[in-house]
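S.K.: My structure is below; once you've seen it, I'll send some questions.
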Amino acid sequence: MSEVGGGTILHVEEVTRSFGAVSAVDRLTLSIETGEFITLLGPSGCGKTTALRLIAGFERPNRGVIRFAGQDVTERTPQQRGFGMVFQSYALFPHLNVFENIAFGLRARRLGMDEIRKRVSAALEIVDLAPYADRAVQALSGGQQQRVALARALAIEPPLLLLDEPLSNLDQALRVQTRNDLRRLVKELGITAVFVTHDQEEAFDLSDRIAVMQAGRIHQIGSPRHLYENPADRFVAGFVGRANVFRGRIAPGGVRMSGEVVWRIGGDRPSIRAEPGQSCSVLVRPEDLRFGEGEEISETAIDGVVRDRRFRGGSVLYRVETSSLEGEPGGEGDDSVIEIIGSAEGPAVGSRVRIAPSETARLHVFLEEGGS
């Protein structure tokens with residue numbers, strides 16, 4: 001199997017793939033390090049699967065270059081590239097048993113039978129399916145079929161593993177277990193992997209870095225924590241994690257939200273290069289808001305009424321209705337509702353409350369004419 005050696009292993013440079021007048025991938029540039037687990041994350045139709053197919057060789061770019069291990073592979077077929085691929089549908093052969101499914105790619109490479117048995121056995125051990133070699137694939141559960149598909153990709157000892165939403169057909173509990181196993185396997189084997197998903201929780205659990213895509217382009221790439229805490233633009237801010245997004249105007253030292261209420265900009269972004277009064281959008285995470293009473297929050301408080309409480313295990317998600325702000329909360333599209341994460345001992349439904357950013361809140365400000 002591949003080993004972590006450091007340095008760039010895959011470089012995609014200014015790659016575009018159009019279908020008629022539509023650019024599914026638009027001037028995509030991406031570098032991946034050896035041994036890295038990177039995820040292409042975005043909504044349906046953003047171009048992430050097309051990008052993966054371009055890397056695999058199933059699609060050819062209209063322009064741009066794809067280099068692997070320093071070599072130009074743009075015009076090479078999938079077979080010539082030799083990457084491992086796990087599809088959303090698993091693409092198992094129903095007329096072949098588990099052993100034969102895993103051996104399929106090895107036979108295509110004309111390996112001897114002894115080598116095929118050795119590699120299939122090793123792959124089955126890796127995915128914990130050693131007793132299932134003679135089993136019909138139709139007799140397996142969805143999670144077991146997914147592991148057979150992964151074993152088939154690993155058996156060819158690929159220099160790069162590509163995964164196109166392979167967990168989407170599993171139920172929630174099995175998805176969590178399987179992605180934990182997948183992350184462990186990839187890291188133990190030192191494989192470089194590119195994963196595609198629209199599920200941000202999945203991306204956060206699996207990835208060293210995440211590339212957030214929309215309209216065929218990467219808006220931002222970074223670690224899960226960096227994307228959550230330092231979104232580059234409003235799309236990333238709203239797509240990665242729950243968020244409240246409000247309209248405001250630039251004021252000295254902060255943003256004027258409503259009347260005399262000014263929310264201060266703290267953290268590592270103490271100021272915004274903009275003229276006072278300029279329109280902007282302000283993003284604040286539900287966990288960065290608090291309920292409060294008294295003078296300590298009087299200058300920053302917004303009045304509201306608790307309309308809903310949703311138990312989340314270790315916390316409660318409160319939905320508070322307010323007429324003080326114009327916004328686009330990330331919860332369910334109601335402009336008058338703010339989402340707050342608090343404790344189970346918080347206010348009851350129907351309570352009148354005051355809301356303000358916490359002392360450590362990170363407010364993200366995006367100017368409406370571009371820039372932030």
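All residue names refer to the structure tokens as shown: chains lettered A, B, ... in order, residues numbered from 1 in each chain, ligands numbered from 1 in order.
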Apply DSSP to the backbone of this structure and, from region 51-188 of chain A, keep only the residues in strand (DSSP E or B); write these as a PyMOL selection string.
M.R.: chain A and resi 63-68+71-72+84-86+97+136+161-164
S.K.: Okay, now the selection with N, CA and C atoms, as a short mmCIF file (atom, residue, chain, number, x, y, z; two decimals), in the first residue's frame?
M.R.:
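This went into selection_0.cif:
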data_model
loop_
_atom_site.label_atom_id
_atom_site.label_comp_id
_atom_site.auth_asym_id
_atom_site.auth_seq_id
_atom_site.Cartn_x
_atom_site.Cartn_y
_atom_site.Cartn_z
N ARG A 63 -9.93 22.13 -20.82
CA ARG A 63 -8.65 22.83 -20.67
C ARG A 63 -8.09 22.51 -19.30
N GLY A 64 -6.81 22.79 -19.13
CA GLY A 64 -6.16 22.53 -17.85
C GLY A 64 -5.33 21.27 -17.86
N VAL A 65 -4.59 21.07 -16.76
CA VAL A 65 -3.64 19.95 -16.66
C VAL A 65 -3.84 19.24 -15.32
N ILE A 66 -3.73 17.92 -15.35
CA ILE A 66 -3.75 17.10 -14.14
C ILE A 66 -2.42 16.37 -14.06
N ARG A 67 -1.70 16.58 -12.97
CA ARG A 67 -0.40 15.93 -12.78
C ARG A 67 -0.46 15.02 -11.56
N PHE A 68 0.10 13.83 -11.70
CA PHE A 68 0.21 12.90 -10.58
C PHE A 68 1.65 12.45 -10.46
N GLN A 71 3.96 13.73 -13.09
CA GLN A 71 3.73 13.39 -14.49
C GLN A 71 2.37 13.89 -14.96
N ASP A 72 2.31 14.36 -16.18
CA ASP A 72 1.07 14.81 -16.79
C ASP A 72 0.22 13.59 -17.14
N GLY A 84 -7.56 3.73 -7.40
CA GLY A 84 -8.68 2.96 -6.88
C GLY A 84 -9.93 3.84 -6.81
N MET A 85 -11.09 3.25 -7.10
CA MET A 85 -12.33 4.01 -7.13
C MET A 85 -13.43 3.24 -6.41
N VAL A 86 -14.13 3.94 -5.50
CA VAL A 86 -15.30 3.37 -4.83
C VAL A 86 -16.49 4.25 -5.20
N ASN A 97 -19.02 -13.91 -6.58
CA ASN A 97 -19.01 -13.88 -5.12
C ASN A 97 -18.02 -12.81 -4.63
N ALA A 136 -22.15 -14.88 -1.59
CA ALA A 136 -22.74 -14.10 -2.68
C ALA A 136 -22.92 -12.67 -2.22
N LEU A 161 -6.71 6.83 -3.82
CA LEU A 161 -8.03 6.25 -3.63
C LEU A 161 -9.09 7.34 -3.79
N LEU A 162 -10.05 7.12 -4.68
CA LEU A 162 -11.12 8.07 -4.97
C LEU A 162 -12.44 7.48 -4.51
N LEU A 163 -13.22 8.28 -3.77
CA LEU A 163 -14.46 7.77 -3.19
C LEU A 163 -15.60 8.75 -3.48
N ASP A 164 -16.59 8.27 -4.23
CA ASP A 164 -17.71 9.12 -4.66
C ASP A 164 -18.95 8.82 -3.82
#
S.K.: For region 28-36 of chain A, please output as a list in words all residues within 8 Å (counting only C-alpha atoms; exclusion window: fewer than 3 positions along the same chain).
M.R.: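 Here the qualifying residues turn out to be Ser2, Glu3, Val4, Gly5, Gly6, Gly7, Thr8, Ile9, Leu10, His11, Val12, Glu13, Glu14, Val15, Thr16, Val25, Lys187, Gly190, Ile191, Thr192, Ala193, Asp208, Arg209, Gly216, Arg217 and Ile218 of chain A.
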S.K.: Name the closest residue to Ala155 (chain A) among the candidates A:Ala123, A:Leu54, A:Met213, A:Val349; distances are taken between atoms, counting only C-alpha atoms.
M.R.: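 Once distances to Ala155 (chain A) are computed over only C-alpha atoms, the minimum belongs to A:Ala123.
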S.K.: Which of these, A:Val186, A:Arg247, A:Val284, A:Asp134, has the shortest distance to Ser207 (chain A) once you count only C-alpha atoms?
M.R.: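 Among the listed residues, A:Val186 lies closest to Ser207 (chain A).
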S.K.: Rank nothing, just name the residue among A:Arg264, A:His95, A:Ile156, A:Gly346 nearest to Glu115 (chain A), using only C-alpha atoms.
M.R.: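 Using only C-alpha atoms, the shortest distance to Glu115 (chain A) belongs to A:Ile156.
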S.K.: Name all residues at most 12 Å from Phe104 (chain A) (count only C-alpha atoms; drop same-chain ones fewer than 2 positions away) and give them as a CSV table (one decimal) with C-alpha atoms, in the first residue's frame.
M.R.:
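Resulting contents of part_8.csv:
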chain,number,residue,atom,x,y,z
A,91,ALA,CA,-20.8,-1.3,-8.7
A,92,LEU,CA,-20.4,-4.9,-7.5
A,93,PHE,CA,-21.0,-7.7,-9.9
A,96,LEU,CA,-19.6,-13.0,-8.8
A,97,ASN,CA,-19.0,-13.9,-5.1
A,98,VAL,CA,-17.0,-11.7,-2.7
A,99,PHE,CA,-13.6,-13.2,-3.7
A,100,GLU,CA,-14.3,-12.8,-7.4
A,101,ASN,CA,-15.5,-9.2,-7.1
A,102,ILE,CA,-12.3,-8.2,-5.3
A,106,LEU,CA,-6.3,-8.0,-10.3
A,107,ARG,CA,-7.3,-10.4,-13.1
A,108,ALA,CA,-7.5,-7.4,-15.5
A,109,ARG,CA,-3.9,-6.6,-14.5
A,110,ARG,CA,-3.0,-10.2,-15.5
A,111,LEU,CA,-1.5,-11.1,-12.1
A,113,MET,CA,-3.3,-16.7,-9.2
A,116,ILE,CA,-4.4,-12.7,-6.6
A,117,ARG,CA,-5.2,-14.9,-3.6
A,119,ARG,CA,-4.0,-9.7,-2.3
A,120,VAL,CA,-7.6,-10.6,-2.0
A,148,VAL,CA,-16.3,-5.3,-0.4
A,149,ALA,CA,-16.2,-2.3,-2.8
A,151,ALA,CA,-11.5,-4.0,-0.5
A,152,ARG,CA,-11.7,-4.3,-4.3
A,153,ALA,CA,-10.2,-0.7,-4.6
A,155,ALA,CA,-6.5,-4.8,-3.5
A,156,ILE,CA,-4.9,-3.2,-6.5
S.K.: Here is a test: counting only C-alpha atoms, which residue of A:Leu41, A:Val236, A:Pro158, A:Ile221 is nearest to Gly105 (chain A)?
M.R.: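 The closest residue to Gly105 (chain A) is A:Pro158.
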